[in-house]
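**Q** My questions all concern the structure below.
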Amino acid sequence: MPYEEIKNVILEVNEEVLTESMVSNLIKQLPEPGVLQMLAEFKDEYNDLAECEQFGVVMCSVPCLQPRLNAILFKLLFTEQVENIKPDIVSVTAACEEVQKSKSFATLLEITLLVGNFMNAGSRNAGAFGFDISFLCKLKDTKSADQKTTLLHFLADTCEQDFPDVLKFPDEMVHVEKASRVSAETLQKNLDQMKKQVADLQQNIDSFPPSTDEKDKFVEKMTIFVKEAQEQYTKLCMMHANMVSLFEELGVYFVFDPKKLSIEEFFMELHNFRSMFVQALKENQKRREAEEKAKRAKLAKEKQEKEKQEREKRKGNPVIDINAEGDETGVMDSLLEALQSGAAFRRKRGPRQANRKAGNAVTSLLASELTKDDALTSVGTKKPKYSAQDVAEMDIGHEDSQDMLYTLQLTMQCAMYFLN
C-alpha cells in the first residue's frame with residue numbers, strides 16, 4: 001500500500017482497512033516525537049531519502065499522530081473489552097442470586113449442621129448455630145472406621161434416601177463454576193483502564209486542533225464513538241456495583257467478611273463442594289451396584305453348590321448300610337422307598353457281552369446263597385421253586401444279571417434286617 005494511502009486511511013479512520021495488528025505495529029514502530037520533527041524537515045528532499053525515511057516523512061505530516069493512533073486502537077478493541085468484562089459480572093451476579101435463593105442448598109446446610117452437632121455431642125463444639133463455608137470441602141476428610149467411605153458419602157447417601165429434593169442443588173447453581181474463575185481484582189482493573197481510556201479520548205477530542213484536510217474524519221467519528229463508549233462504561237459500572245452489593249449481602253447471609261474472603265475464593269469453595277458431592281453420589285451408586293453384584297454371585301454360588309449336592313446324591317444311589325448307627329426306621333423307609341419308586345432297578349447298563357457265562361456265574365452264586373435251607377427255614381418260608389443249579393443254568397444276559405444282582409442284594413439286606 002502506498003504511504004500516502006496509509007496516511008489517508010488513518011485520517012479517515014477507515015475501519016475496513018485498519019486492523020488491530022496494523023495499528024498496534026504502527027504504535028510500536030513509531031519514532032520518538034523529536035525524531036519525527038527532524039524527519040519533517042526533510043520533506044523537500046523526499047525523493048533522495050530511503051524508504052524508511054520516506055515513510056516517516058509521510059506519517060509525521062498527520063496531526064497528533066500518537067494520540068490519534070491510540071484512540072483508533074481503543075475504538076477497535078472496545079467491543080472486545082466489553083465482552084471480556086460483561087460476562088464476568090453477569091456470572092458472579094447470577095451465582096450470588098442462585099446460591100442465596102437455592103432452597104435445596106439451604107436444606108443441605110441444615111442437614112450438615114445437624115449431623116455435625118450429633119457427632120460433636122458432648123464436646124465443646126456441640127450445639128453449634130452454624131459453620132464456616134470452607135467446612136463443606138472438609139467433609140471428605142472425616143472417614144469411616146473401615147476407611148472406605150467418608151462423611152460426605154454418608155451425607156450424600158442420607159440426602160438421596162431421605163431428602164431427594166436436596167439433590168437438585170447442583171442444577172440450581174449452574175453459574176458457580178464460571179464465578180469461581182472471576183478475579184474481582186482483575187475485573188476492577190479492567191474497568192479502571194476503560195474509564196481512563198474514555199476520559200483520555202474525550203480530552204483528545206476536546207483539545208484536537210481544527211484540521212484543514214477534508215479527509216480528516218477523526219473528530220467526527222470519535223465524537224460519536226466516545227459517547228457510545230461512555231454509555232457502555234456507565235452500564236458496566238452499574239452492573240459491577242450491583243454485583244458487589246449482592247456479594248456483600250451473601251456475606252451477611254453466610255456470615256463471612258467479603259473483604260477477607262474474595263469472590264474467587266468463595267465461589268471456588270462452593271464449586272469444589274458441588275463437584276465432590278456429585279462425585280460422592282456416583283461413588284455411592286457404584287458401591288451399591290458392587291454389593292448387589294456380590295450378593296447375587298453369593299446366592300448363585302450357594303444355589304450351584306446345593307444343586308451339585310443333589311446331583312451327587314441322585315447319581316450315587318449308594319447301598320444303605322443297615323449296620324450303621326442311627327435311626328433304623330429311617331433306613332428301612334429309605335430302602336422301601338427305593339424299591340417302590342423303582343430307583344433300585346435303574347442301573348447304568350453297559351454293552352451286552354457276547355459271553356454270558358460271567359453273568360450266569362454271578363447269578364448262580366447269589367441264588368445258592370438265597371436257597372440255603374437254614375436261612376429260609378429261619379424265617380418260615382417255603383422251599384423255592386427252583387434250585388441253585390436250575391437258576392445257574394438259566395440263560396440270563398449280563399445286563400439282566402446286573403439288575404438282578406442289585407435287586408437280590410437289596411432283598412438280602414431286607415431279609416437280614418428282619419432276621420436280626
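So you can find residues: chains in the C-alpha cells are A, B, ... in the order shown, residues in each start at 1, and ligands are numbered from 1 in order.
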Name the residues of range 10-152 of chain A that come out as alpha helix (DSSP H) in a backbone DSSP run; write them as a VMD selection string.
**A** chain A and resid 10 to 12 20 to 29 33 to 40 51 to 59 65 to 101 103 to 119 151 to 152
**Q** Residues at most 9 Å from Leu187 in chain A, counting only C-alpha atoms, excluding those fewer than 5 positions away in the same chain, as a PyMOL selection string?
**A** chain A and resi 85+88-89+182+192+240
**Q** Would you write out those residues with C-alpha atoms, as an mmCIF file, in the first residue's frame?
**A**
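Resulting contents of part.cif:
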```cif
data_model
loop_
_atom_site.group_PDB
_atom_site.id
_atom_site.type_symbol
_atom_site.label_atom_id
_atom_site.label_comp_id
_atom_site.auth_asym_id
_atom_site.auth_seq_id
_atom_site.Cartn_x
_atom_site.Cartn_y
_atom_site.Cartn_z
ATOM 1 C CA ILE A 85 -15.799 -7.647 31.372
ATOM 2 C CA ASP A 88 -17.732 -11.999 34.350
ATOM 3 C CA ILE A 89 -20.061 -9.520 36.024
ATOM 4 C CA VAL A 182 -13.582 -14.474 38.090
ATOM 5 C CA ASP A 192 -10.461 1.410 35.679
ATOM 6 C CA HIS A 240 -20.486 -4.112 38.723
#
```
**Q** Quick one: pull the distance between CA of Ala94 in chain A and CA of Lys168 in chain A, Å, one decimal.
**A** 17.1 Å
**Q** I need the residue nearest Gln81 in chain A from this list: A:Lys28, A:Lys189, A:Lys315, A:His175. Use only C-alpha atoms for the distance.
**A**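 With only C-alpha atoms as the atom set, the closest residue is A:Lys189.
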**Q** What is the CA of Glu214 in chain A-CA of Ile72 in chain A distance in Å, reported with one decimal?
**A**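 CA of Ile72 in chain A lies at a distance of 18.4 Å from CA of Glu214 in chain A.
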**Q** Rounded to one decimal in Å, what is the spacing between CA of Asn70 in chain A and CA of Ala229 in chain A?
**A** 14.9 Å
**Q** For a quick check of understanding, using only C-alpha atoms, which of A:Glu312, A:Val278, A:Glu4, A:Asn272 has the smallest distance to Lys138 in chain A?
**A** A:Asn272
**Q** Compile the contact shell of Ile27 in chain A as a count of residues only: residues with an atom at most 12 Å away, counting only C-alpha atoms, same-chain residues fewer than 5 positions apart removed.
**A** 14
**Q** Excluding same-chain residues fewer than 6 positions from Lys217 in chain A, what lies within 12 Å of it counting only C-alpha atoms, as a PyMOL selection string?
**A** chain A and resi 8-15+68+72+205+208+210-211+223-224
**Q** Write the residues of the preceding selection, restricted to N, CA, C and O atoms, as a tab-separated table (two decimals), in the first residue's frame.
**A**
```tsv
chain	number	residue	atom	x	y	z
A	8	ASN	N	-4.04	8.42	4.42
A	8	ASN	CA	-5.45	8.73	4.25
A	8	ASN	C	-6.36	7.78	5.05
A	8	ASN	O	-7.39	8.19	5.58
A	9	VAL	N	-5.96	6.51	5.12
A	9	VAL	CA	-6.74	5.54	5.89
A	9	VAL	C	-6.77	5.94	7.36
A	9	VAL	O	-7.81	5.84	8.03
A	10	ILE	N	-5.64	6.44	7.86
A	10	ILE	CA	-5.58	6.88	9.27
A	10	ILE	C	-6.41	8.14	9.48
A	10	ILE	O	-7.14	8.26	10.47
A	11	LEU	N	-6.34	9.07	8.54
A	11	LEU	CA	-7.11	10.31	8.67
A	11	LEU	C	-8.61	10.03	8.64
A	11	LEU	O	-9.38	10.64	9.39
A	12	GLU	N	-9.02	9.09	7.80
A	12	GLU	CA	-10.44	8.79	7.64
A	12	GLU	C	-10.96	7.82	8.71
A	12	GLU	O	-12.17	7.58	8.78
A	13	VAL	N	-10.06	7.29	9.49
A	13	VAL	CA	-10.41	6.25	10.48
A	13	VAL	C	-11.23	5.16	9.78
A	13	VAL	O	-12.34	4.79	10.17
A	14	ASN	N	-10.64	4.64	8.71
A	14	ASN	CA	-11.29	3.62	7.89
A	14	ASN	C	-11.10	2.23	8.54
A	14	ASN	O	-10.06	1.60	8.38
A	15	GLU	N	-12.12	1.77	9.23
A	15	GLU	CA	-12.01	0.51	9.96
A	15	GLU	C	-12.07	-0.71	9.04
A	15	GLU	O	-11.79	-1.83	9.47
A	68	ARG	N	-3.81	10.05	18.07
A	68	ARG	CA	-4.77	9.57	17.08
A	68	ARG	C	-4.74	8.03	16.97
A	68	ARG	O	-5.78	7.37	16.96
A	72	ILE	N	-7.65	5.29	17.94
A	72	ILE	CA	-8.15	4.33	16.94
A	72	ILE	C	-8.04	2.90	17.47
A	72	ILE	O	-8.96	2.09	17.33
A	205	ILE	N	-10.28	14.74	22.01
A	205	ILE	CA	-11.25	15.32	21.09
A	205	ILE	C	-11.45	16.81	21.40
A	205	ILE	O	-11.53	17.65	20.48
A	208	PHE	N	-8.34	18.74	20.28
A	208	PHE	CA	-7.83	18.45	18.95
A	208	PHE	C	-7.90	19.71	18.08
A	208	PHE	O	-8.95	20.37	18.04
A	210	PRO	N	-8.24	22.17	14.89
A	210	PRO	CA	-9.04	22.09	13.65
A	210	PRO	C	-8.18	21.61	12.49
A	210	PRO	O	-7.03	22.03	12.34
A	211	SER	N	-8.73	20.75	11.70
A	211	SER	CA	-7.98	20.18	10.57
A	211	SER	C	-8.37	20.89	9.29
A	211	SER	O	-9.53	21.20	9.05
A	223	THR	N	-16.11	11.47	18.13
A	223	THR	CA	-17.12	12.10	18.99
A	223	THR	C	-18.32	11.16	19.16
A	223	THR	O	-18.88	11.03	20.27
A	224	ILE	N	-18.72	10.53	18.06
A	224	ILE	CA	-19.82	9.57	18.13
A	224	ILE	C	-19.43	8.34	18.98
A	224	ILE	O	-20.20	7.87	19.81
```
**Q** Could you list, as a ChimeraX atom specification, every residue within 8 Å of range 245-261 of chain A, counting only C-alpha atoms and ignoring same-chain residues fewer than 4 positions away?
**A** /A:93,96-97,100,132-133,241,265-266
**Q** Return the single residue from A:Ala297, A:Ser144, A:Arg311, A:Leu136 that is closest to Met276 in chain A, with distances computed using only C-alpha atoms.
**A**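 Smallest separation from Met276 in chain A among the options: A:Leu136.
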